[in-house]
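As provided, query.txt (compact mmCIF, C-alpha atoms) reads as follows.
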```txt
# COMPACT_ATOMS: atom_id res chain seq x y z
CA MET A 128 54.08 161.11 169.01
CA HIS A 129 53.16 162.65 165.70
CA GLY A 130 56.79 162.83 164.64
CA ARG A 131 57.35 159.25 165.61
CA ARG A 132 54.36 158.17 163.61
CA THR A 133 55.49 160.01 160.47
CA ALA A 134 58.97 158.62 160.89
CA PHE A 135 57.49 155.16 161.18
CA ALA A 136 55.36 155.73 158.08
CA PHE A 137 58.43 157.03 156.26
CA ILE A 138 60.46 153.95 157.19
CA GLU A 139 57.54 151.73 156.24
CA SER A 140 57.22 153.40 152.86
CA ARG A 141 60.96 153.07 152.35
CA ILE A 142 60.75 149.36 153.11
CA GLU A 143 57.75 149.04 150.82
CA ASN A 144 59.60 150.93 148.12
CA ARG A 145 62.66 148.74 148.56
CA LYS A 146 60.53 145.62 148.42
CA SER A 147 58.88 146.68 145.18
CA LYS A 148 62.30 147.48 143.71
CA MET A 149 63.52 144.03 144.67
CA ILE A 150 60.42 142.47 143.11
CA ALA A 151 61.11 144.42 139.91
CA LEU A 152 64.70 143.19 139.95
CA ALA A 153 63.52 139.61 140.43
CA LEU A 154 61.10 139.92 137.50
CA ILE A 155 63.79 141.40 135.24
CA ALA A 156 66.23 138.66 136.24
CA LEU A 157 63.61 135.97 135.67
CA VAL A 158 62.75 137.21 132.17
CA THR A 159 66.38 137.71 131.17
CA LEU A 160 67.67 134.40 132.52
CA GLY A 161 64.67 132.45 131.24
CA ALA A 162 64.95 133.87 127.73
CA ALA A 163 68.70 133.24 127.66
CA ALA A 164 68.38 129.68 128.96
CA ILE A 165 65.61 128.75 126.52
CA ALA A 166 67.50 130.39 123.65
CA MET A 167 70.61 128.40 124.45
CA SER A 168 68.70 125.10 124.50
CA LEU A 169 66.49 125.50 121.44
CA ARG A 170 67.28 123.72 118.21
CA ASN A 171 65.84 126.32 115.88
CA LEU A 172 68.41 129.04 115.23
CA ILE A 173 65.89 131.75 114.34
CA HIS A 174 63.91 131.11 117.51
CA SER A 175 66.98 131.30 119.71
CA ALA A 176 68.14 134.52 118.02
CA LEU A 177 64.73 136.09 118.61
CA LEU A 178 64.69 134.94 122.24
CA LEU A 179 68.13 136.41 122.78
CA ILE A 180 66.74 139.77 121.66
CA GLY A 181 64.32 139.45 124.59
CA SER A 182 67.21 138.63 126.89
CA TRP A 183 69.17 141.71 125.77
CA ALA A 184 66.07 143.83 126.26
CA GLY A 185 65.92 142.44 129.80
CA VAL A 186 69.50 143.57 130.37
CA ALA A 187 68.49 147.03 129.12
CA ALA A 188 65.61 146.96 131.62
CA PHE A 189 68.13 146.19 134.37
CA TYR A 190 70.17 149.25 133.35
CA LEU A 191 67.01 151.36 133.57
CA TRP A 192 66.27 149.84 136.97
CA ALA A 193 69.75 150.75 138.17
CA GLY A 194 69.39 154.34 136.98
CA ALA A 195 71.77 154.23 134.02
CA GLU A 196 69.35 155.47 131.40
CA PHE A 197 71.89 156.35 128.74
CA VAL A 198 73.49 152.92 128.91
CA ALA A 199 70.04 151.35 128.63
CA PHE A 200 69.35 153.22 125.43
CA ALA A 201 72.80 152.38 124.10
CA GLN A 202 72.09 148.72 124.88
CA VAL A 203 68.77 148.88 123.04
CA LEU A 204 70.37 150.59 120.04
CA VAL A 205 73.41 148.36 119.80
CA TYR A 206 72.11 144.95 120.84
CA VAL A 207 68.36 144.93 120.24
CA GLY A 208 68.77 146.99 117.08
CA ALA A 209 72.08 146.25 115.42
CA VAL A 210 73.64 143.04 116.71
CA SER A 211 70.36 141.14 116.44
CA MET A 212 70.02 142.17 112.80
CA VAL A 213 73.59 141.09 112.06
CA VAL A 214 72.92 137.74 113.78
CA LEU A 215 69.70 137.19 111.83
CA PHE A 216 71.45 137.98 108.55
CA ALA A 217 74.28 135.62 109.43
CA VAL A 218 71.74 132.88 110.19
CA LEU A 219 69.98 133.43 106.89
CA LEU A 220 73.21 133.66 104.86
CA THR A 221 74.67 130.45 106.26
CA ARG A 222 71.93 127.97 105.61
CA GLN A 223 71.44 125.83 102.60
CA SER A 224 67.85 124.82 102.88
CA ARG A 225 64.82 125.50 104.96
CA ALA A 226 65.21 122.21 106.76
CA GLU A 227 68.66 123.14 107.94
CA LEU A 228 67.38 125.79 110.30
CA THR A 229 66.67 123.10 112.87
CA LEU A 230 70.01 121.83 114.03
CA THR A 231 70.99 118.28 114.61
CA PRO A 232 71.20 117.65 118.33
CA ASP A 233 74.61 117.99 119.91
CA SER A 234 76.30 115.02 121.45
CA TYR A 235 75.20 114.26 125.00
CA ARG A 236 78.73 113.95 126.33
CA ARG A 237 79.48 117.46 125.19
CA VAL A 238 76.28 118.87 126.69
CA ILE A 239 76.84 117.10 130.00
CA ALA A 240 80.45 118.26 130.19
CA ALA A 241 79.36 121.82 129.45
CA ILE A 242 76.64 121.72 132.11
CA VAL A 243 79.06 120.30 134.70
CA THR A 244 81.62 123.01 133.90
CA GLY A 245 79.01 125.75 133.96
CA GLY A 246 77.57 124.45 137.21
CA ALA A 247 81.00 124.40 138.81
CA VAL A 248 81.67 127.98 137.71
CA LEU A 249 78.22 128.98 138.98
CA GLY A 250 78.92 127.35 142.33
CA VAL A 251 82.26 129.13 142.68
CA LEU A 252 80.77 132.50 141.73
CA PHE A 253 77.75 132.12 144.03
CA GLY A 254 79.97 131.03 146.90
CA ALA A 255 82.29 133.98 146.35
CA VAL A 256 79.42 136.47 146.15
CA LEU A 257 77.57 135.10 149.16
CA SER A 258 80.62 134.83 151.38
CA THR A 259 81.98 138.30 150.61
CA ASP A 260 80.99 141.12 152.89
CA LEU A 261 80.34 143.81 150.31
CA LYS A 262 80.05 147.34 151.56
CA VAL A 263 76.92 148.87 150.13
CA ALA A 264 76.67 152.62 150.07
CA SER A 265 73.41 153.84 151.50
CA ALA A 266 73.25 156.96 149.35
CA LYS A 267 72.08 156.53 145.82
CA PRO A 268 74.62 157.90 143.33
CA LEU A 269 73.34 160.69 141.19
CA PRO A 270 72.33 159.33 137.82
CA PRO A 271 74.65 161.06 135.39
CA THR A 272 72.81 163.12 132.88
CA VAL A 273 73.66 163.00 129.22
CA ARG A 274 75.26 166.42 129.65
CA VAL A 275 77.62 165.11 132.32
CA LEU A 276 78.41 162.04 130.22
CA GLY A 277 79.18 164.19 127.19
CA GLY A 278 81.49 166.40 129.25
CA GLU A 279 83.31 163.35 130.59
CA LEU A 280 83.63 161.86 127.10
CA MET A 281 85.05 165.06 125.70
CA GLY A 282 87.27 165.72 128.71
CA PRO A 283 89.04 162.95 130.60
CA TYR A 284 87.94 160.16 128.25
CA ALA A 285 88.66 161.90 124.93
CA ALA A 286 91.60 159.65 124.10
CA ALA A 287 89.58 156.52 124.85
CA LEU A 288 86.74 157.81 122.69
CA LEU A 289 89.11 158.37 119.76
CA ILE A 290 90.65 154.93 120.20
CA VAL A 291 87.21 153.29 120.30
CA GLY A 292 86.34 155.11 117.10
CA VAL A 293 89.48 153.78 115.43
CA VAL A 294 88.79 150.26 116.76
CA LEU A 295 85.24 150.31 115.42
CA THR A 296 86.33 151.57 112.01
CA VAL A 297 89.11 149.02 111.67
CA ALA A 298 86.88 146.19 112.90
CA LEU A 299 84.05 147.02 110.53
CA LEU A 300 86.41 147.39 107.56
CA GLY A 301 88.01 144.09 108.51
CA ALA A 302 84.59 142.46 108.75
CA VAL A 303 83.73 143.66 105.25
CA VAL A 304 87.05 142.37 103.91
CA ILE A 305 86.67 138.98 105.58
CA ALA A 306 83.08 138.49 104.52
CA SER A 307 83.45 139.66 100.95
CA THR A 308 86.62 137.87 99.84
CA GLU A 309 85.45 135.41 97.27
CA ARG A 310 87.52 132.25 97.02
CA ASP A 311 88.19 131.45 93.45
CA SER A 312 88.36 127.90 92.20
CA THR A 313 91.69 128.72 90.61
CA ARG A 314 94.03 129.28 93.50
CA GLY A 315 96.14 132.38 93.65
CA ALA A 316 94.12 134.18 91.07
CA ARG A 317 92.47 136.45 93.58
CA SER A 318 93.92 139.80 94.35
CA PRO A 319 96.04 139.80 97.52
CA GLY A 320 93.98 141.26 100.36
CA GLY A 321 91.74 144.22 99.98
CA PRO A 322 87.99 144.24 99.54
CA ALA A 323 88.23 142.11 96.48
CA THR A 324 84.97 142.03 94.66
CA GLU A 325 81.57 143.58 94.98
CA ASP A 326 79.76 140.32 94.44
CA ALA A 327 76.56 139.60 96.24
CA PRO A 328 76.91 136.77 98.76
CA MET B 64 69.91 135.07 155.16
CA ASN B 65 69.87 138.75 154.43
CA LEU B 66 71.08 139.58 150.96
CA SER B 67 72.01 143.10 150.01
CA PRO B 68 70.75 144.40 146.65
CA LEU B 69 74.31 144.46 145.35
CA GLN B 70 74.62 140.75 146.06
CA LEU B 71 71.34 140.08 144.25
CA CYS B 72 72.64 141.94 141.20
CA LEU B 73 75.90 139.98 141.33
CA LEU B 74 74.01 136.68 141.59
CA PHE B 75 71.90 137.70 138.59
CA SER B 76 74.95 138.53 136.52
CA SER B 77 76.81 135.37 137.48
CA ALA B 78 73.79 133.27 136.51
CA LEU B 79 73.66 135.01 133.14
CA PHE B 80 77.39 134.44 132.72
CA CYS B 81 77.00 130.73 133.39
CA ILE B 82 74.10 130.38 130.95
CA GLY B 83 76.32 131.98 128.30
CA LEU B 84 79.22 129.73 129.27
CA ILE B 85 77.11 126.58 129.05
CA GLY B 86 75.76 127.67 125.67
CA ALA B 87 79.20 128.49 124.30
CA LEU B 88 80.61 125.16 125.47
CA SER B 89 77.76 122.85 124.57
CA ARG B 90 76.55 123.97 121.17
CA SER B 91 78.38 123.11 117.99
CA ASN B 92 76.85 125.81 115.84
CA THR B 93 79.26 128.71 115.50
CA ILE B 94 76.57 131.39 115.63
CA LEU B 95 75.21 130.02 118.91
CA VAL B 96 78.71 129.94 120.38
CA LEU B 97 79.10 133.62 119.45
CA LEU B 98 75.75 134.41 121.05
CA GLY B 99 76.86 132.66 124.23
CA ILE B 100 79.98 134.83 124.29
CA GLU B 101 77.79 137.91 123.84
CA LEU B 102 75.74 136.82 126.85
CA MET B 103 78.90 136.53 128.94
CA LEU B 104 79.93 140.04 127.87
CA ASN B 105 76.53 141.34 128.89
CA ALA B 106 76.91 139.71 132.30
CA ALA B 107 80.21 141.54 132.77
CA ASN B 108 78.50 144.82 131.89
CA LEU B 109 75.81 144.07 134.47
CA ASN B 110 78.55 143.82 137.08
CA PHE B 111 79.95 147.22 136.12
CA ILE B 112 76.54 148.84 136.46
CA ALA B 113 75.80 147.07 139.75
CA PHE B 114 79.06 148.17 141.34
CA TRP B 115 78.58 151.71 140.03
CA ARG B 116 75.04 151.86 141.39
CA TYR B 117 76.09 150.82 144.90
CA SER B 118 79.48 152.46 144.94
CA PRO B 119 80.50 154.51 147.99
CA THR B 120 81.58 157.43 145.80
CA PRO B 121 78.41 158.95 144.39
CA GLY B 122 78.52 161.10 141.30
CA ALA B 123 81.41 159.36 139.62
CA ALA B 124 80.35 158.13 136.21
CA THR B 125 83.22 155.68 135.74
CA GLY B 126 81.04 152.56 135.67
CA VAL B 127 78.75 154.03 133.03
CA MET B 128 81.75 155.08 130.94
CA PHE B 129 83.26 151.64 131.16
CA VAL B 130 80.01 150.00 130.04
CA LEU B 131 79.71 152.40 127.10
CA PHE B 132 83.18 151.52 125.83
CA SER B 133 82.56 147.85 126.51
CA ILE B 134 79.37 147.93 124.43
CA ALA B 135 81.26 149.59 121.57
CA VAL B 136 83.98 146.93 121.63
CA ALA B 137 81.33 144.19 121.87
CA ALA B 138 79.62 145.53 118.76
CA ALA B 139 82.92 145.42 116.85
CA GLU B 140 83.52 141.89 118.13
CA ALA B 141 80.09 140.72 116.99
CA ALA B 142 80.59 142.18 113.51
CA VAL B 143 84.00 140.55 113.06
CA GLY B 144 82.80 137.24 114.51
CA LEU B 145 79.82 136.97 112.21
CA ALA B 146 81.95 137.96 109.21
CA LEU B 147 84.27 135.09 110.17
CA VAL B 148 81.26 132.78 110.35
CA ILE B 149 80.29 133.76 106.82
CA ALA B 150 83.87 133.26 105.61
CA VAL B 151 84.00 129.79 107.19
CA TYR B 152 80.68 128.97 105.58
CA ARG B 153 82.08 129.99 102.18
CA HIS B 154 85.01 127.63 102.66
CA GLN B 155 83.26 124.48 103.81
CA LYS B 156 79.55 125.00 103.30
CA ASN B 157 78.60 124.51 106.93
CA ILE B 158 79.33 126.18 110.22
CA ARG B 159 79.73 123.25 112.55
CA LEU B 160 82.68 123.88 114.83
CA GLN B 161 83.89 120.29 114.67
CA GLU B 162 84.53 120.59 110.96
CA ALA B 163 85.99 124.10 111.09
CA ASN B 164 89.36 122.94 112.37
CA ARG B 165 91.55 124.33 109.63
CA LEU B 166 92.39 127.96 109.16
CA LYS B 167 93.60 127.54 105.59
CA GLY B 168 92.44 125.51 102.70
```
Mind turning this structure into structure tokens?
Amino acid sequence: MHGRRTAFAFIESRIENRKSKMIALALIALVTLGAAAIAMSLRNLIHSALLLIGSWAGVAAFYLWAGAEFVAFAQVLVYVGAVSMVVLFAVLLTRQSRAELTLTPDSYRRVIAAIVTGGAVLGVLFGAVLSTDLKVASAKPLPPTVRVLGGELMGPYAAALLIVGVVLTVALLGAVVIASTERDSTRGARSPGGPATEDAP
Amino acid sequence: MNLSPLQLCLLFSSALFCIGLIGALSRSNTILVLLGIELMLNAANLNFIAFWRYSPTPGAATGVMFVLFSIAVAAAEAAVGLALVIAVYRHQKNIRLQEANRLKG
């Protein structure tokens, strides 16, 4: 009797635990999707960039929820820290006046076509997910520690790590070249390729 | 209807993907289009983590590895994209996509 009762309490606590995890997932999803949807519909560029930072932080919270702590911190570092700053600088560098920060509204035909397309894709994806019988493992995978991740990166994934390093270097150099090439009024006078001038944008 | 947690995660990520898709298709500002593409990339990463979390082979860190490399490539993509936005702005003094229809000149 006693054993049965403890087993029952254990199962009940498991269900309670699972329910609270699902509620946490629902909250994370609500915050992320809401921030993303509002950001995509706002007319002020700065506001939508700031809201997207909230959305990326929500994605990082989902990684934490799923037990991938290192990825969550990488997401915070890369997206919330770096990409958001680059986006804000791009917004500030590509405006002519203060009034231009609020965009002119897009054409309704375009918006309606986009919403119809997105809704169709959403319907297909939801139908596929709901109609697929996905096998869910009951056991929780061990969250890989940073030590394990480092060993994997240095061992089986060493080549991929090197290639990603090369890709990042080339991409950042290319970004500098693209953004800093000043177009002269006299054509052909600029030096062919290369990070041409050190002029401030 | 009884949804498994994996299905909930997949629904979440597909909703995020569609929000990014709608944003990328409907806005005419280049920066917002890039941000919509970033949202779609994030939704793909969510899928990796969800499938890793509920995978039948515990202990394998493949999903986490894939997301790490994907984040690195996404950072490079964002840097190049925003540099292109600045270059387009230099050429024609605005970043509306409708007017950025020439690569040269």
May I have a table of the residues of chain A lying at most 7 Å from chain B, giving each one's closest pair of atoms and their distance in Å to one decimal, counting only C-alpha atoms, ordered by chain and ascending residue number, as a Markdown table?
```
| residue | atom | partner | partner_atom | distance |
| --- | --- | --- | --- | --- |
| A:Ala156 | CA | B:Phe75 | CA | 6.2 |
| A:Leu160 | CA | B:Leu79 | CA | 6.1 |
| A:Ala163 | CA | B:Ile82 | CA | 6.9 |
| A:Ala164 | CA | B:Ile82 | CA | 6.1 |
| A:Met167 | CA | B:Gly86 | CA | 5.3 |
| A:Ala193 | CA | B:Arg116 | CA | 6.3 |
| A:Val198 | CA | B:Leu131 | CA | 6.5 |
| A:Val205 | CA | B:Ala138 | CA | 6.9 |
| A:Val210 | CA | B:Ala138 | CA | 6.8 |
| A:Ala217 | CA | B:Leu145 | CA | 6.3 |
| A:Thr221 | CA | B:Tyr152 | CA | 6.2 |
| A:Asp233 | CA | B:Arg90 | CA | 6.4 |
| A:Arg237 | CA | B:Ser89 | CA | 5.7 |
| A:Val238 | CA | B:Ser89 | CA | 4.7 |
| A:Ala241 | CA | B:Ser89 | CA | 5.2 |
| A:Ile242 | CA | B:Ile85 | CA | 5.8 |
| A:Gly245 | CA | B:Ile85 | CA | 5.3 |
| A:Val248 | CA | B:Cys81 | CA | 6.9 |
| A:Leu249 | CA | B:Cys81 | CA | 6.0 |
| A:Leu252 | CA | B:Ser77 | CA | 6.5 |
| A:Phe253 | CA | B:Leu74 | CA | 6.4 |
| A:Val256 | CA | B:Gln70 | CA | 6.4 |
| A:Val263 | CA | B:Tyr117 | CA | 5.6 |
| A:Ala264 | CA | B:Pro119 | CA | 4.8 |
| A:Lys267 | CA | B:Pro121 | CA | 6.9 |
| A:Pro268 | CA | B:Pro121 | CA | 4.1 |
| A:Leu269 | CA | B:Gly122 | CA | 5.2 |
| A:Pro271 | CA | B:Ala124 | CA | 6.5 |
| A:Leu295 | CA | B:Ala139 | CA | 5.6 |
| A:Ala298 | CA | B:Ala139 | CA | 5.6 |
| A:Leu299 | CA | B:Ala139 | CA | 6.6 |
| A:Ala302 | CA | B:Val143 | CA | 4.8 |
| A:Ile305 | CA | B:Ala146 | CA | 6.0 |
| A:Ala306 | CA | B:Ala146 | CA | 4.9 |
```
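The environment of segment 178-188 of chain A within 7 Å, counting all atoms listed in the file and disregarding residues fewer than 5 places along the same chain, consists of Ile155, Val158, Thr159, Ala162, Ala163, Ala166, Ala199, Gln202, Val203, Tyr206, Val207 and Ser211 of chain A.
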Identify, on the basis of all atoms listed in the file, every residue whose closest approach to Gly277 of chain A does not exceed 12 Å; exclude the query and any residue fewer than 2 positions from it along the same chain; express the result as a ChimeraX atom specification.
-> /A:197,271-275,279-285,288 /B:124,127-128,131
Preceding selection exported with C-alpha atoms as a compact mmCIF listing (two decimals), in the coordinates of the input:
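Generated file (out.txt):
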```txt
# COMPACT_ATOMS: atom_id res chain seq x y z
CA PHE A 197 71.89 156.35 128.74
CA PRO A 271 74.65 161.06 135.39
CA THR A 272 72.81 163.12 132.88
CA VAL A 273 73.66 163.00 129.22
CA ARG A 274 75.26 166.42 129.65
CA VAL A 275 77.62 165.11 132.32
CA GLU A 279 83.31 163.35 130.59
CA LEU A 280 83.63 161.86 127.10
CA MET A 281 85.05 165.06 125.70
CA GLY A 282 87.27 165.72 128.71
CA PRO A 283 89.04 162.95 130.60
CA TYR A 284 87.94 160.16 128.25
CA ALA A 285 88.66 161.90 124.93
CA LEU A 288 86.74 157.81 122.69
CA ALA B 124 80.35 158.13 136.21
CA VAL B 127 78.75 154.03 133.03
CA MET B 128 81.75 155.08 130.94
CA LEU B 131 79.71 152.40 127.10
```
Report the centre and edge lengths, in Å to one decimal, of an axis-aligned box enclosing every atom of segment 173-178 of chain A listed in the file, padded by 8 Å on each side, as lines of an AutoDock Vina configuration file.
```
center_x = 66.0
center_y = 133.6
center_z = 118.3
size_x = 20.2
size_y = 21.0
size_z = 23.9
```
In Å, with one decimal, what is the gap from atom CA of Val214 of chain A to atom CA of Val303 of chain A?
->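 The value is 15.0 Å.
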Could you check how far atom CA of Gln161 of chain B sits from atom CA of Ala176 of chain A, in Å to one decimal?
-> 21.5 Å
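Here atom CA of Phe189 of chain A and atom CA of Ser147 of chain A stand 14.2 Å from one another.
Distance check against Arg222 of chain A using all atoms listed in the file: of A:Ile173, A:Gly246, A:Tyr235, A:Leu261, the minimum falls on A:Ile173.
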